[in-house]
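Engineer: The structure's right below; bear with me while I get my questions together.
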Amino acid sequence: MKLGIEVLAAAPKAAQAWGRCALLCNQASVTQNFKSSWDLLRDLLGTRLVAFFGPQHGFHATVQDNMIETGHHNAGPFGLPVYSLYSETREPRPEMLDGVDTIIIDLQIVGCRVYTFKYTIAGCLRMAKKLGKRVVVLDRPNPLAGEAMEGRVLDLEAKSFVGEYAIPLRHGLSVAESARCFNTEIGAELEIIPMGGWNPKAYWGEHSKHWILTSPNLPTVDSVYVYPATVMLEGTNLSEGRGTGLPFQFVGAPYIKDGAQYAARVNDYYRSAGVFLRPAEFQPTSQKWAGDVCRGFQIHVLDPHHIHTFPLGLAIMKAAMDLAPQGFAWKGPGYEYDFTNLPINLILGHLKAHVHIEKNFSVKDPFWSEGLAECQKKAEALLMYPRALKPMLVE
């Protein structure tokens with residue numbers, strides 16, 4: 001497999017018409033031989049590389065939490081300015097693009113709707129459309145492979161910076177395919193440098209030996225594999241393992257009295273063949289329950305091909321409600337700049353989603369797969385790597 005940045009390096013004439021360029025990237029934007037994209041593009045473009053943009057968590061992915069903004073500075077690689085797109089603005093301002101002809105994007109996504117990098121890309125497309133600029137996406141794989149789709153499609157009444165377009169929680173698209181999907185509405189000048197030899201059936205560990213963290217709390221590919229399930233816990237007072245060495249793999253809270261009982265209750269609702277829930281205790285050093293001992297479990301990845309993340313995440317929350325009804329609680333607003341709605345509803349994509357968990361709960365409820373069939377048809381018309389998307393439904 002060759003990443004888009006590697007395909008460009010092998011055929012640099014593709015960049016001749018791009019003019020002066022700004023690069024949206026972060027420290028995970030590297031080749032498979034660990035050369036940074038900014039170094040490679042500096043070699044390729046020379047002084048035509050004039051600025052950088054950074055997404056959430058900062059250009060070097062050092063900032064831990066949501067809604068912690070990063071600033072702009074003039075001390076980027078080669079002394080070029082770095083503009084933060086997770087600051088007072090979440091899309092480029094016109095003055096940031098003065099003298100720029102093309103925005104090059106080389107960002108690694110994680111395959112989940114709520115990860116904000118995709119909406120930073122969408123913001124670049126919107127501003128490029130407004131100002132008559134070109135956007136070039138150097139494609140990268142979906143680490144959750146390119147077939148499975150899970151979870152209800154976003155209801156646009158629940159639109160936020162963790163969900164701007166009508167896609168499911170787990171979408172099955174590559175970076176460039178996501179951009180094409182958004183651009184059907186935006187209409188910017190979009191050019192794509194596709195990957196070479198990507199197998200959409202392959203999960204990250206089947207084509208790449210190394211995972212470079214895209215943000216501080218996704219340090220391993222196992223955390224990425226279960227992220228669409230455990231990111232739901234950001235909408236609750238359950239710890240998703242932030243502040244430990246295994247974020248998004250540890251699950252628990254001080255009000256859970258027995259980790260084995262908790263794991264068993266989750267398995268009663270949905271038992272995933274792709275993971276094992278090992279009872280465990282952990283003590284976060286920051287974030288939720290910092291300094292307190294949490295009881296729960298560690299999610300061990302057995303086979304990413306068989307992790308059905310959406311019902312797993314729902315079951316984790318419902319089991320905690322059952323075992324500790326006085327302890328479990330939904331996190332209140334705000335979340336990713338929405339100060340009105342419950343975060344869990346923004347994450348799950350519907351403003352009444354929490355009600356479907358509290359009352360008459362079932363992981364088989366058709367509510368949890370609404371819109372998938374229609375979204376599949378629309379997405380398949382935009383795919384760059386031939387395959388059939390596969391909505392994962394609980395039988």
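Residues in the structure tokens are numbered from 1 in each chain, the chains being A, B, ... in the order shown, and ligands are numbered from 1 in the order shown.
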Give me the residues near Gly349 (chain A) as a list of chain:residue names, where near means some atom within 8 Å (using only C-alpha atoms) and where sequence neighbours in that chain fewer than 2 positions away do not count.
Structural biologist: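 So the residues in contact are A:Arg152, A:Val153, A:Leu154, A:Asp155, A:Leu156, A:Ala158, A:Lys159, A:Gly163, A:Leu169, A:Asn345, A:Leu346, A:Ile347, A:Leu351, A:Ala353.
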Engineer: Determine, counting only C-alpha atoms, which protein, DNA and RNA residues have an atom within 7 Å of an atom of region 251-266 of chain A; residues of the same chain fewer than 4 positions away are not included. Present the result as a PyMOL selection string.
Structural biologist: chain A and resi 238-241+270+277+279-280+292-298+315-316+319+324+327
Engineer: Using only C-alpha atoms, find the one residue out of A:Cys21, A:Met195, A:Ala128, A:Ala176 that sits nearest to Val100 (chain A).
Structural biologist: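 Smallest separation from Val100 (chain A) among the options: A:Cys21.
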Engineer: Taking only C-alpha atoms into account, produce a table as a Markdown table in which each residue of region 247-320 of chain A with an atom at most 10 Å from an atom of region 374-393 of chain A appears once, together with its shortest atom pair and the distance in Å to one decimal, ordered by chain and rising number.
Structural biologist:
| residue | atom | partner | partner_atom | distance |
| --- | --- | --- | --- | --- |
| A:His308 | CA | A:Met392 | CA | 7.2 |
| A:Thr309 | CA | A:Met392 | CA | 9.5 |
| A:Phe310 | CA | A:Met392 | CA | 9.0 |
| A:Pro311 | CA | A:Leu393 | CA | 9.1 |
Engineer: Excluding Ala17 (chain A) and any residue of its chain fewer than 2 positions from it, enumerate the residues within 12 Å of it, using only C-alpha atoms, and give them as a short mmCIF file (atom, residue, chain, number, x, y, z; two decimals) with C-alpha atoms, in the first residue's frame.
Structural biologist:
data_model
loop_
_atom_site.label_atom_id
_atom_site.label_comp_id
_atom_site.auth_asym_id
_atom_site.auth_seq_id
_atom_site.Cartn_x
_atom_site.Cartn_y
_atom_site.Cartn_z
CA PRO A 12 5.64 15.13 -8.16
CA LYS A 13 4.49 16.71 -11.43
CA ALA A 14 0.95 16.43 -10.05
CA ALA A 15 1.73 19.45 -7.85
CA GLY A 19 0.75 27.35 -6.88
CA ARG A 20 1.44 28.53 -3.32
CA CYS A 21 0.29 25.96 -0.79
CA LEU A 45 7.34 22.49 -3.28
CA ARG A 48 5.74 27.38 -2.59
CA ASP A 101 -3.71 29.06 -3.97
CA THR A 102 -4.13 25.51 -2.65
CA ARG A 134 -8.24 24.63 -4.56
CA VAL A 136 -6.04 18.73 -2.48
CA GLU A 191 -8.46 17.26 -6.19
#
Engineer: Smallest atom-to-atom distance to Pro228 (chain A): which of A:Gly334, A:Gly172, A:Gly71, A:Gly291, using only C-alpha atoms?
Structural biologist: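 Of all the options, A:Gly172 lies closest to Pro228 (chain A).
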Engineer: Any chance you could list, as number ranges by chain, the residues in region 166-347 of chain A that come up alpha helix (DSSP H) when DSSP is run on the backbone?
Structural biologist: A: 175-186, 204-207, 221-230, 259-269, 309-323, 343-347
Engineer: Identify, on the basis of only C-alpha atoms, every residue whose closest approach to Ile186 (chain A) does not exceed 8 Å; exclude the query and any residue fewer than 6 positions from it along the same chain; express the result as a short mmCIF file (atom, residue, chain, number, x, y, z; two decimals) with C-alpha atoms, in the first residue's frame.
Structural biologist:
data_model
loop_
_atom_site.label_atom_id
_atom_site.label_comp_id
_atom_site.auth_asym_id
_atom_site.auth_seq_id
_atom_site.Cartn_x
_atom_site.Cartn_y
_atom_site.Cartn_z
CA LEU A 125 -13.62 23.03 1.71
CA ARG A 126 -16.21 25.66 2.64
CA LYS A 129 -15.35 27.46 -2.14
#
Engineer: Which residue is closest to Gln27 (chain A)? Choose from A:Arg180, A:Glu147, A:Trp198, A:Ile212 and count only C-alpha atoms.
Structural biologist: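 Of all the options, A:Ile212 lies closest to Gln27 (chain A).
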Engineer: Using DSSP assignments from the backbone, pull out every residue in region 121-277 of chain A that falls under strand (DSSP E) and give it to me as a PyMOL selection string.
Structural biologist: chain A and resi 134-138+148-149+189-193+250-253+275-277
Engineer: So, with only C-alpha atoms as the atoms that count, which of A:Leu218, A:Ile121, A:Ile5, A:Ala51 lies closest to Glu177 (chain A)?
Structural biologist: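 So, comparing all the options, the nearest one is A:Ile121.
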Engineer: One decimal, Å: what's the distance from CA of Val162 (chain A) over to CA of Tyr119 (chain A), could you say?
Structural biologist: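 Computing the Euclidean distance for CA of Val162 (chain A) and CA of Tyr119 (chain A) yields 7.7 Å.
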Engineer: Between A:Asn33, A:Gln16, A:Ser223, A:Ser369, which has the minimum distance to Ile167 (chain A) (counting only C-alpha atoms)?
Structural biologist: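 Going through A:Asn33, A:Gln16, A:Ser223, A:Ser369 one by one, the smallest distance to Ile167 (chain A) is for A:Ser369.
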Engineer: Out of A:Leu85, A:Val355, A:Leu41, A:Ile344, which residue has the shortest atom-to-atom distance to Met67 (chain A) when counting only C-alpha atoms?
Structural biologist: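 Residue with the minimum atom-to-atom distance to Met67 (chain A): A:Leu85.
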Engineer: Can you tell me which residues surround region 301-306 of chain A at a distance of at most 7 Å, considering only C-alpha atoms, apart from same-chain residues fewer than 2 positions away, and format the answer as a list in words?
Structural biologist: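 In the requested form, the answer reads Asp222, Tyr225, Ala273, Gly274, Val275, Phe276, Ile299 and His308 of chain A.
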Engineer: Go ahead and dump the residues you just picked, all heavy atoms, as a short mmCIF file (atom, residue, chain, number, x, y, z; two decimals), in the first residue's frame.
Structural biologist:
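Okay, this is what ended up in out13.cif:
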data_model
loop_
_atom_site.label_atom_id
_atom_site.label_comp_id
_atom_site.auth_asym_id
_atom_site.auth_seq_id
_atom_site.Cartn_x
_atom_site.Cartn_y
_atom_site.Cartn_z
N ASP A 222 -5.36 -0.53 19.16
CA ASP A 222 -6.46 -1.17 19.88
C ASP A 222 -7.44 -0.13 20.42
O ASP A 222 -8.66 -0.35 20.42
CB ASP A 222 -5.94 -2.02 21.03
CG ASP A 222 -5.43 -3.38 20.56
OD1 ASP A 222 -5.49 -3.66 19.35
OD2 ASP A 222 -4.96 -4.17 21.41
N TYR A 225 -9.61 0.77 17.53
CA TYR A 225 -10.58 -0.26 17.16
C TYR A 225 -11.86 -0.19 18.01
O TYR A 225 -12.95 -0.52 17.53
CB TYR A 225 -9.96 -1.65 17.32
CG TYR A 225 -8.90 -2.01 16.30
CD1 TYR A 225 -7.91 -2.94 16.61
CD2 TYR A 225 -8.88 -1.44 15.04
CE1 TYR A 225 -6.93 -3.30 15.68
CE2 TYR A 225 -7.91 -1.78 14.11
CZ TYR A 225 -6.94 -2.72 14.44
OH TYR A 225 -5.97 -3.05 13.53
N ALA A 273 -17.79 -11.03 19.74
CA ALA A 273 -16.74 -12.04 19.54
C ALA A 273 -15.38 -11.41 19.33
O ALA A 273 -14.36 -12.09 19.41
CB ALA A 273 -17.10 -12.92 18.34
N GLY A 274 -15.35 -10.11 19.07
CA GLY A 274 -14.08 -9.45 18.76
C GLY A 274 -13.32 -8.92 19.95
O GLY A 274 -12.17 -8.49 19.81
N VAL A 275 -13.97 -8.93 21.14
CA VAL A 275 -13.31 -8.37 22.33
C VAL A 275 -13.55 -9.27 23.53
O VAL A 275 -14.48 -10.09 23.54
CB VAL A 275 -13.81 -6.95 22.66
CG1 VAL A 275 -13.53 -6.00 21.51
CG2 VAL A 275 -15.28 -6.94 23.03
N PHE A 276 -12.71 -9.11 24.55
CA PHE A 276 -12.93 -9.75 25.84
C PHE A 276 -12.92 -8.68 26.91
O PHE A 276 -12.01 -7.83 26.94
CB PHE A 276 -11.84 -10.79 26.15
CG PHE A 276 -12.07 -11.52 27.45
CD1 PHE A 276 -12.96 -12.58 27.51
CD2 PHE A 276 -11.43 -11.11 28.62
CE1 PHE A 276 -13.20 -13.24 28.70
CE2 PHE A 276 -11.67 -11.77 29.81
CZ PHE A 276 -12.56 -12.84 29.86
N ILE A 299 -11.08 -3.51 27.95
CA ILE A 299 -11.52 -4.14 26.71
C ILE A 299 -10.28 -4.63 25.96
O ILE A 299 -9.45 -3.83 25.53
CB ILE A 299 -12.31 -3.16 25.83
CG1 ILE A 299 -13.48 -2.56 26.60
CG2 ILE A 299 -12.79 -3.85 24.56
CD1 ILE A 299 -14.26 -1.50 25.84
N HIS A 308 -18.32 -5.30 16.87
CA HIS A 308 -19.51 -4.55 16.50
C HIS A 308 -19.62 -3.43 17.54
O HIS A 308 -20.20 -3.60 18.62
CB HIS A 308 -20.71 -5.49 16.53
CG HIS A 308 -21.91 -4.97 15.80
ND1 HIS A 308 -22.98 -5.76 15.48
CD2 HIS A 308 -22.23 -3.74 15.33
CE1 HIS A 308 -23.90 -5.05 14.84
NE2 HIS A 308 -23.46 -3.81 14.76
#
Engineer: Separation of CA of Leu348 (chain A) and CA of Asn237 (chain A), in Å?
Structural biologist: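 Result for CA of Leu348 (chain A) versus CA of Asn237 (chain A): 16.0 Å, one decimal.
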